[in-house]
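Peer 1: Below is one structure. I have some questions about it.
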Amino acid sequence: MMSFDRPQEDVWGPRRARIVAGMLAMVFVVIVGRSAYVAMNGPEQAASSGHAAVAATRRADIVDRKGELLATTVPGWSLAANPSAIWDAGEIASELKSVLPKLDLIGLTAQLSDRKRQFVWVQRGLTQEEKDAVFGLGVEGLQFVEEARRVYPRGKLAGHFLGYTNIDGEGLEGSELAFDARLKAGGEPLKLTLDASVQFVLEEELERAFADFDMKGGAGVVVDTHSGAVRAVASWPALDPNRRGDFSADVRANRALNSRFELGSIYKPLTVAAAMEAGVLTPQDRFDVSAPVKIGAALVKDPHPLPNAKSVTAGDILAHSSNIGTALIAQRMGVERQKDFLRSVHLLGGQSHEGPQTASPLTPEVWDATAMATVSYGHGISVSPLAFAMTYTAFGNGGNYVSPVFVEPVDAAQVEKSQVMSADTAAKVMTMLRETVTRGTGKNADAQGYEVAGKTGTAEKPGPDGYDPNKNITSFAAVFPASRPQFVVLVVLDEAQPRRGDQRTASYTAASIAGKVIARAAPLLDVRPVLTASRAEAASLRVSEATTP
Amino acid sequence: MRKLTIIGGLIVVVLAVAVYRAKLGAEETQGEIDTLSAEASSIGKDIAVMKAEEAYLTRPERIGPIARQKLGLEQATPGQYTASEALSRRLGEERLTLPPVEEASPTSAPAPKEVKSREVQSGQ
């Protein structure tokens, strides 16, 4: 009974107190733990904020070797609509069409009429003027969405080589495509080997050529003979990637990299070098080129007879561009050695490098004596201008073929090179190329002070009925300065017809343009002119000073 | 026991307030970070636009004619390069060369005047 008199709370009181104390202790532990967590993890949460993530994914800029901006990403605007908030889709579509003429009125009306949808794109990539015009309409149910826009502030400059992206910032052509992963990763600008000033000179001279010649297209390349760094690569007509939609497919084609040409006689120095390397030719050997020769099925002729045609050297053959002489040299060498040499300079394919790729070559299906003869002077084989320009690097650097390089920094130790001829052969061919300019077909390319060494090429264009004598590919491949070679320049013109006169061979077309390019580009490339006259002047001044009382 | 409960309760309240304040402080700091990040992003976009405008305005086809018309600048031609041996004569600098220190004497002091007069003559 006593137990019934004892208050129940007296029995459970200490237990409740312990339970409450335990709960308080647990809360205490939780609070302390949470405090420690906040204290330790707060900054990490801040670092993963949305703005930081957006900044990290901005597509990287593209700059030239000196840091000049070529491509960048700026804020842009796109126009979207909410159909569920639009009452008269037809009227709004008409109003939008009045300020955005490229819109498809019927399609847009249908989209805006679908009141189940809450978001449709009207037009992406608006200019500021278009945005202001739409804003001025005061139409309901529209919204502007900020989107990154890729722009090319220098317009047409290097337009083909830079390429472009789609509206979502994915590379579609040129460097934008070739370096897409690198650019998407953001960060530091992609520094190309191009020199914007030299690129401008090359493009401007191609543009000016159009004033003198009615031509279908053109291409040009400037390459460092030692490193393979491409300093300029141009295709004419030029392309402005900001307005790529305004250009035809023909203009959008990059003739320097993606078109193939039969480049004609600029192959002849390669034939001479290959024969020297094969040990079947010396500069003193003489050939009779006074009459056409038949090699295989080809009757090889010279368009103009050579001086002293019964006894000419390899130097004469290059200087006066003799097809007969070159074919005879190739005959000495034979098909296999010819192919081996062309393979070594990647004219039969197999060339790979980092950056925009070049068109693969077109070579003879059957490489017989006929093909051997025609290929020796650049017919029957088609390659891209860039691929061909790289072959001349060997003449300027002691016999090494170097692969093209498009991205700085160019590490001399990492340059891909292969010895394709001896330094002695390279030097001998360089001498012949210089003579071709001083006394042969390349006179119009002789930029004063820059010792241009080069070779002209005039090739009839192949058509459905064979070669067309009225349509030519004219080219000039040069190395300068001859005494200390530094750069290769190649100019190729497609169907260049003089607007005055009838001289349409490379001597009057491509050679002249190449000379102008070299004269203007050399100072920009830090190539000092050869100061023969100045030294003579200095010597004469000393003499006159000594005799002056 | 009651005292312990009260003290424990007070500690919990104090800690709760402290954590709340810390949380508020963290949110404020996060807000400031977001504001600064947005500002940095906005400035970054402005810089990108200005760099693009600079590149657009310094296009060679625009700068070239301005440099020619306003400043009379032209690209260097090979004829403008010269050997260092000829440079001193071209500029008349040989006359400006001071004599070596050991040869200098009070009697040779007027030399610079003579130089000046000859320089003017050659300039005429």
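Residues in the structure tokens are named by chain (A, B, ... in the order shown) and by number from 1 within that chain; ligands are numbered from 1 in the order shown.
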With the cut-off set at 10 Å and counting only C-alpha atoms, tabulate each residue of range 264-354 of chain A with an atom at most that distance from an atom of range 411-419 of chain A, showing the nearest atom pair and its distance in Å to one decimal, ordered by chain and increasing number, as a Markdown table.
Peer 2:
| residue | atom | partner | partner_atom | distance |
| --- | --- | --- | --- | --- |
| A:Ser344 | CA | A:Ser418 | CA | 8.2 |
| A:Val345 | CA | A:Ser418 | CA | 8.7 |
| A:His353 | CA | A:Glu416 | CA | 9.1 |
Peer 1: Quick one: DSSP helix (DSSP H, G or I) residues in range 367-523 of chain A, as a ChimeraX atom specification?
Peer 2: /A:369-376,385-391,393-396,412-414,423-439,443-445,510-523
Peer 1: Which residues, written as JSON, numbers by chain, have at least one atom at most 12 Å from Glu204 in chain A, with only C-alpha atoms counted and residues fewer than 4 positions away on the same chain left out?
Peer 2: {"A": [156, 157, 158, 196, 197, 198, 199, 200, 208, 209, 210, 211, 218, 219, 220, 232, 234, 235, 236, 237, 238, 513, 514, 516, 517, 520, 521], "B": [60, 61, 64]}
Peer 1: How would the residues just picked look written out with N, CA and C atoms as an mmCIF file, in the first residue's frame?
Peer 2:
data_model
loop_
_atom_site.group_PDB
_atom_site.id
_atom_site.type_symbol
_atom_site.label_atom_id
_atom_site.label_comp_id
_atom_site.auth_asym_id
_atom_site.auth_seq_id
_atom_site.Cartn_x
_atom_site.Cartn_y
_atom_site.Cartn_z
ATOM 1 N N LYS A 156 37.790 39.953 -92.772
ATOM 2 C CA LYS A 156 38.244 38.926 -93.712
ATOM 3 C C LYS A 156 39.642 38.403 -93.412
ATOM 4 N N LEU A 157 40.383 39.082 -92.576
ATOM 5 C CA LEU A 157 41.772 38.682 -92.349
ATOM 6 C C LEU A 157 41.844 37.234 -91.854
ATOM 7 N N ALA A 158 42.515 36.423 -92.618
ATOM 8 C CA ALA A 158 42.689 34.998 -92.293
ATOM 9 C C ALA A 158 41.354 34.286 -92.102
ATOM 10 N N ALA A 196 49.658 38.645 -88.339
ATOM 11 C CA ALA A 196 48.520 39.367 -88.936
ATOM 12 C C ALA A 196 48.983 40.359 -90.003
ATOM 13 N N SER A 197 50.128 40.988 -89.810
ATOM 14 C CA SER A 197 50.610 41.979 -90.783
ATOM 15 C C SER A 197 50.990 41.304 -92.097
ATOM 16 N N VAL A 198 51.696 40.194 -92.003
ATOM 17 C CA VAL A 198 52.101 39.472 -93.214
ATOM 18 C C VAL A 198 50.863 38.883 -93.898
ATOM 19 N N GLN A 199 49.941 38.402 -93.093
ATOM 20 C CA GLN A 199 48.692 37.869 -93.635
ATOM 21 C C GLN A 199 47.961 38.951 -94.424
ATOM 22 N N PHE A 200 47.947 40.154 -93.866
ATOM 23 C CA PHE A 200 47.274 41.266 -94.553
ATOM 24 C C PHE A 200 47.952 41.568 -95.880
ATOM 25 N N ARG A 208 44.655 42.839 -104.936
ATOM 26 C CA ARG A 208 45.099 43.773 -105.973
ATOM 27 C C ARG A 208 45.330 43.055 -107.298
ATOM 28 N N ALA A 209 45.730 41.793 -107.211
ATOM 29 C CA ALA A 209 45.962 41.030 -108.437
ATOM 30 C C ALA A 209 44.695 40.967 -109.264
ATOM 31 N N PHE A 210 43.573 40.974 -108.564
ATOM 32 C CA PHE A 210 42.294 40.903 -109.274
ATOM 33 C C PHE A 210 42.069 42.158 -110.124
ATOM 34 N N ALA A 211 42.709 43.265 -109.738
ATOM 35 C CA ALA A 211 42.604 44.484 -110.552
ATOM 36 C C ALA A 211 43.349 44.313 -111.872
ATOM 37 N N GLY A 218 42.547 32.316 -106.074
ATOM 38 C CA GLY A 218 43.978 32.414 -105.803
ATOM 39 C C GLY A 218 44.299 31.901 -104.409
ATOM 40 N N ALA A 219 45.571 31.636 -104.192
ATOM 41 C CA ALA A 219 46.013 31.177 -102.872
ATOM 42 C C ALA A 219 47.444 31.613 -102.659
ATOM 43 N N GLY A 220 47.819 31.776 -101.408
ATOM 44 C CA GLY A 220 49.182 32.170 -101.087
ATOM 45 C C GLY A 220 49.603 31.616 -99.741
ATOM 46 N N ALA A 232 51.670 33.100 -92.966
ATOM 47 C CA ALA A 232 50.476 33.595 -93.653
ATOM 48 C C ALA A 232 49.965 32.492 -94.565
ATOM 49 N N ALA A 234 46.587 32.283 -97.297
ATOM 50 C CA ALA A 234 45.419 33.033 -97.758
ATOM 51 C C ALA A 234 44.743 32.334 -98.930
ATOM 52 N N SER A 235 43.448 32.530 -98.988
ATOM 53 C CA SER A 235 42.652 32.027 -100.101
ATOM 54 C C SER A 235 41.834 33.195 -100.642
ATOM 55 N N TRP A 236 41.837 33.356 -101.971
ATOM 56 C CA TRP A 236 41.057 34.433 -102.593
ATOM 57 C C TRP A 236 40.004 33.826 -103.494
ATOM 58 N N PRO A 237 38.775 34.297 -103.504
ATOM 59 C CA PRO A 237 38.208 35.444 -102.794
ATOM 60 C C PRO A 237 38.192 35.214 -101.280
ATOM 61 N N ALA A 238 38.352 36.344 -100.567
ATOM 62 C CA ALA A 238 38.434 36.257 -99.115
ATOM 63 C C ALA A 238 37.059 36.020 -98.504
ATOM 64 N N ILE A 513 53.248 38.971 -108.470
ATOM 65 C CA ILE A 513 52.575 39.100 -107.166
ATOM 66 C C ILE A 513 53.481 38.608 -106.044
ATOM 67 N N ALA A 514 54.162 37.499 -106.284
ATOM 68 C CA ALA A 514 55.068 36.969 -105.251
ATOM 69 C C ALA A 514 56.161 37.995 -104.925
ATOM 70 N N LYS A 516 55.958 41.240 -105.105
ATOM 71 C CA LYS A 516 55.369 42.317 -104.297
ATOM 72 C C LYS A 516 55.149 41.862 -102.858
ATOM 73 N N VAL A 517 54.699 40.622 -102.714
ATOM 74 C CA VAL A 517 54.486 40.090 -101.356
ATOM 75 C C VAL A 517 55.810 40.071 -100.588
ATOM 76 N N ARG A 520 57.093 43.540 -99.473
ATOM 77 C CA ARG A 520 56.355 44.134 -98.351
ATOM 78 C C ARG A 520 56.438 43.296 -97.079
ATOM 79 N N ALA A 521 56.493 41.979 -97.235
ATOM 80 C CA ALA A 521 56.460 41.109 -96.051
ATOM 81 C C ALA A 521 57.826 40.975 -95.384
ATOM 82 N N PRO B 60 44.557 46.667 -90.411
ATOM 83 C CA PRO B 60 45.548 47.296 -91.295
ATOM 84 C C PRO B 60 44.913 48.115 -92.413
ATOM 85 N N GLU B 61 43.789 47.645 -92.954
ATOM 86 C CA GLU B 61 43.173 48.394 -94.052
ATOM 87 C C GLU B 61 42.617 49.731 -93.584
ATOM 88 N N GLY B 64 46.364 51.760 -92.154
ATOM 89 C CA GLY B 64 47.319 52.081 -93.221
ATOM 90 C C GLY B 64 47.056 53.436 -93.872
#
Peer 1: Residues of chain B within 8 Å of chain A, counting only C-alpha atoms - could you list those as JSON, numbers by chain?
Peer 2: {"B": [1, 5, 8, 9, 12, 15, 16, 19, 23, 26, 30, 33, 34, 37, 38, 41, 45, 48, 49, 51, 52, 53, 55, 56, 59, 60, 75, 76, 77, 78, 81, 82, 83, 85, 86, 89]}
Peer 1: One decimal, in Å: what's the spacing between CA of Ala330 in chain A and CA of Thr458 in chain A?
Peer 2: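 One can read the CA of Ala330 in chain A to CA of Thr458 in chain A distance as 19.0 Å.
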